[in-house]
Structure formats: C-alpha cells, structure tokens
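Please read the structure below before turning to the comments.
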Number of protein chains: 2
Amino acid sequence: MSQFDLQQVLEALVDPVRRSIVTQLDATDEDIRCGDFDISVSKSTATHHFKVLRAAGLIRQYYVGTSRMNSLRRAEMDEAFPGLLDALTPRPAGVR
Amino acid sequence: MSQFDLQQVLEALVDPVRRSIVTQLDATDEDIRCGDFDISVSKSTATHHFKVLRAAGLIRQYYVGTSRMNSLRRAEMDEAFPGLLDALTPRPAGVR
DNA sequence: GCAGAAGTATGATGGCTGTCAAACTTTGAT
DNA sequence: ATCAAAGTTTGACAGCCATCATACTTCTGC
C-alpha cells in the first residue's frame, strides 16, 4: 500500500543537487518555480532531477502559465518514512 | 569537526546490500562476523561493501583470529545525524 | 501574428560503481 | 608441517546515471 518505495526515495535523495532542491523547498513552505532554484546545472539536467524527485514521490508539480511550480510532499513523506526528511534537511542552528 | 560526512553516509546507505548489513547489525546489538551476514554477493564484493561502510564511519571492524567482526557505530551516527538510522532501519511493527 | 521565456525531449558521452573470478595472505586446527 | 577457513587484493567488465547541447513545444505579452 505504501505507494512510496524507500529505495527509490533514497536514490533520489543521494544526489546533492536533488537534496538541495528538497532542502530549498523545505526551507520556505512555499512552492518554487523550476527556474528559481539555486542549483548550478543546465536546464535539461534540472528537468531530469525534477523528474526523479517526482517519480519518487518527493515533490508534486503543477503548471502556472509557462512556469512549473514544485511543491514538497512533506506530509506524505513524513507518514511513509518518519524522521527521514528531518534527518536530511539541515535547519539553522537552534531551530526545532 | 563532524568527522562524518552526510554525503558519504548516504552514498553508503543507498546500496541495498549495505543497508541490509546495517539493518542486520542494528537488529541484534551483537557484532557479526563478515561471513555470517545474510547477503547474496561474492566474498570479494562483500569485502568492498564493508570497506565502504567503514570509510563512511557506519561500522567498526576488528579481528578475532581469522574472522573479522563488524560493529555498528550507532551512538556516533545518532549524534552526527539524529534520526537517520532510525528512519532507515526497519523495526518489527509495534516496537519503539 | 511574433518574439521571447520556461521547460521538455532526445541523444550522446564520461565517469563511477557494483559485481565477479582468481590469486594471495594469514590464522587456526590436525 | 599441512591444510582448510576467512578475508583481502587486484584486475576486468557491464550497466547505470549525471551532465550537456541542441532542437522542440507551449504559453504570454506586445
């Protein structure tokens, strides 16, 4: 039933670029346009990373005009793998 | 100071064989001989996996005669990356 | 309509890594 | 002394994956 596969989620999160995307999403609680992430890869590579994150269930995507918005599926992940995202998304010191 | 690198730890844990090794160690609280793990790879491949786990700081190894024992560095990992091993080592339902 | 902006799709490529077999080392038991 | 057990080392190989450039699609605004 889990719908989410730990192996797939880990393979998604092991890449630094993808983990950075997740971290940036987690830091704002706001959805972020594909082009607005602070990542240093080409557009086509970015598209690939978003696809991997989406396939693993980590993000959800929807269009707004010509832009594509990205939303972190925090609740679903926390239910499927409690503590995982907490362990992987760095927080500023003293915040909990 | 951290001595432990999250990227390296994740790269170690993303492999199913290595994660299985960690899980088996975590399940017993006893050290396990290299040859006594339930893994289905050749001896040389096993050696490789143990090396990766050791380099990442996940396990410690010591010799007993001709055997090599493996010990999970739970405490160190919990301090360096709180919640990570808990999220990745499956427990029988209802155990916490 | 047209130009530009935002992503996607398609190959191609290079590097990394998990895998194994074979040869070797070392330890313990007979 | 010998032999077997337990790991390690080395080298080779195959498959995967992150990356990019290029071409394409689709919206928006003028």
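Identifiers in the structure tokens: chain A, B, ... in order shown; residue index from 1 per chain; ligand index from 1 in order shown.
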At a cut-off of 8 Å, which residues of chain B touch chain D? Count only C-alpha atoms (C1' of nucleotides) and give the answer as a PDB file with C-alpha atoms, in the first residue's frame.
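Written output follows (selection_23.pdb):
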ATOM      1  CA  GLY B  35      30.874 -14.334   6.729  1.00  0.00           C
ATOM      2  CA  LYS B  43      33.217 -12.643  -0.796  1.00  0.00           C
ATOM      3  CA  SER B  44      35.173 -10.011  -2.683  1.00  0.00           C
ATOM      4  CA  THR B  47      34.741  -7.003   1.334  1.00  0.00           C
ATOM      5  CA  THR B  66      40.893 -15.322  11.214  1.00  0.00           C
ATOM      6  CA  SER B  67      37.481 -13.758  11.425  1.00  0.00           C
ATOM      7  CA  ARG B  68      36.657 -10.107  11.135  1.00  0.00           C
TER       8      ARG B  68
END
Determine, using only C-alpha atoms, which residues of chain B have any atom at most 8 Å from an atom of chain A, and tabulate each with its shortest atom pair and distance in Å to one decimal place, rows ordered by chain and then rising number, as a Markdown table.
| residue | atom | partner | partner_atom | distance |
| --- | --- | --- | --- | --- |
| B:Gln7 | CA | A:Val14 | CA | 7.1 |
| B:Leu10 | CA | A:Val14 | CA | 5.8 |
| B:Glu11 | CA | A:Val14 | CA | 6.2 |
| B:Val14 | CA | A:Leu10 | CA | 5.9 |
| B:Pro16 | CA | A:Gln7 | CA | 7.6 |
| B:Phe81 | CA | A:Ala87 | CA | 6.3 |
| B:Pro82 | CA | A:Ala87 | CA | 6.2 |
| B:Gly83 | CA | A:Ala87 | CA | 5.6 |
| B:Leu84 | CA | A:Ala87 | CA | 5.3 |
| B:Asp86 | CA | A:Gly83 | CA | 7.5 |
| B:Ala87 | CA | A:Leu84 | CA | 5.2 |
| B:Leu88 | CA | A:Leu84 | CA | 7.6 |
Pull N, CA and C atoms from the residues just selected and write them as a compact mmCIF listing (two decimals), in the first residue's frame.
# COMPACT_ATOMS: atom_id res chain seq x y z
N GLN B 7 27.03 13.22 2.93
CA GLN B 7 27.03 12.70 1.56
C GLN B 7 27.60 11.29 1.52
N LEU B 10 25.21 8.78 3.10
CA LEU B 10 24.08 8.47 2.23
C LEU B 10 24.50 7.57 1.09
N GLU B 11 25.65 7.85 0.51
CA GLU B 11 26.13 7.00 -0.58
C GLU B 11 26.35 5.58 -0.08
N VAL B 14 22.70 3.96 0.43
CA VAL B 14 21.78 3.84 -0.70
C VAL B 14 21.86 2.45 -1.32
N PRO B 16 21.40 -1.38 -1.40
CA PRO B 16 20.55 -2.30 -0.63
C PRO B 16 21.36 -3.32 0.16
N PHE B 81 24.02 12.43 12.95
CA PHE B 81 22.82 12.57 12.10
C PHE B 81 21.60 12.01 12.82
N PRO B 82 21.09 12.79 13.76
CA PRO B 82 19.98 12.28 14.59
C PRO B 82 18.80 11.84 13.74
N GLY B 83 18.31 10.67 14.03
CA GLY B 83 17.10 10.19 13.37
C GLY B 83 17.35 9.46 12.07
N LEU B 84 18.55 9.57 11.54
CA LEU B 84 18.79 8.97 10.23
C LEU B 84 18.71 7.45 10.27
N ASP B 86 17.44 5.60 12.55
CA ASP B 86 16.08 5.21 12.95
C ASP B 86 15.16 5.18 11.75
N ALA B 87 15.35 6.13 10.85
CA ALA B 87 14.46 6.20 9.69
C ALA B 87 14.76 5.10 8.68
N LEU B 88 15.96 4.57 8.73
CA LEU B 88 16.37 3.64 7.68
C LEU B 88 16.46 2.19 8.12
Within 8 Å of chain A, which residues of chain C show up when using only C-alpha atoms (C1' of nucleotides), listed as a PyMOL selection string? chain C and resi 5-8
Include N, CA and C atoms (P, O5', C5', C4', C3', O3' and C1' of nucleotides) and write out the residues we just selected as a PDB file, in the first residue's frame.
ATOM      1  P    DA C   5      13.804  36.538 -23.094  1.00  0.00           P
ATOM      2  O5'  DA C   5      12.996  35.844 -21.912  1.00  0.00           O
ATOM      3  C5'  DA C   5      11.673  36.289 -21.624  1.00  0.00           C
ATOM      4  C4'  DA C   5      10.881  35.169 -20.992  1.00  0.00           C
ATOM      5  C3'  DA C   5      11.722  34.208 -20.144  1.00  0.00           C
ATOM      6  O3'  DA C   5      11.021  33.922 -18.959  1.00  0.00           O
ATOM      7  C1'  DA C   5      10.546  32.996 -21.799  1.00  0.00           C
ATOM      8  P    DA C   6      11.707  33.084 -17.784  1.00  0.00           P
ATOM      9  O5'  DA C   6      11.096  31.626 -17.989  1.00  0.00           O
ATOM     10  C5'  DA C   6       9.689  31.447 -17.829  1.00  0.00           C
ATOM     11  C4'  DA C   6       9.349  29.971 -17.904  1.00  0.00           C
ATOM     12  C3'  DA C   6      10.362  29.069 -17.209  1.00  0.00           C
ATOM     13  O3'  DA C   6       9.665  28.077 -16.492  1.00  0.00           O
ATOM     14  C1'  DA C   6      10.115  28.412 -19.455  1.00  0.00           C
ATOM     15  P    DG C   7      10.357  27.361 -15.229  1.00  0.00           P
ATOM     16  O5'  DG C   7      10.291  25.857 -15.711  1.00  0.00           O
ATOM     17  C5'  DG C   7      10.678  25.568 -17.012  1.00  0.00           C
ATOM     18  C4'  DG C   7       9.796  24.492 -17.604  1.00  0.00           C
ATOM     19  C3'  DG C   7      10.385  23.112 -17.403  1.00  0.00           C
ATOM     20  O3'  DG C   7       9.363  22.124 -17.385  1.00  0.00           O
ATOM     21  C1'  DG C   7      10.523  23.737 -19.690  1.00  0.00           C
ATOM     22  P    DT C   8       9.755  20.594 -17.146  1.00  0.00           P
ATOM     23  O5'  DT C   8       9.802  20.034 -18.645  1.00  0.00           O
ATOM     24  C5'  DT C   8       8.630  20.096 -19.428  1.00  0.00           C
ATOM     25  C4'  DT C   8       8.839  19.340 -20.724  1.00  0.00           C
ATOM     26  C3'  DT C   8       9.458  17.944 -20.571  1.00  0.00           C
ATOM     27  O3'  DT C   8       8.745  17.055 -21.414  1.00  0.00           O
ATOM     28  C1'  DT C   8      10.757  19.225 -22.057  1.00  0.00           C
TER      29       DT C   8
END
DSSP on the backbone, helix (DSSP H, G or I) only: what residues of stretch 5-83 of chain B does that give? Format it as a ChimeraX atom specification. /B:6-13,16-28,34-36,43-56,74-80
Measure the distance from atom CA of B:Thr45 to atom CA of B:Leu58 in Å and round it to one decimal.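 Going from atom CA of B:Thr45 over to atom CA of B:Leu58 covers 17.6 Å.
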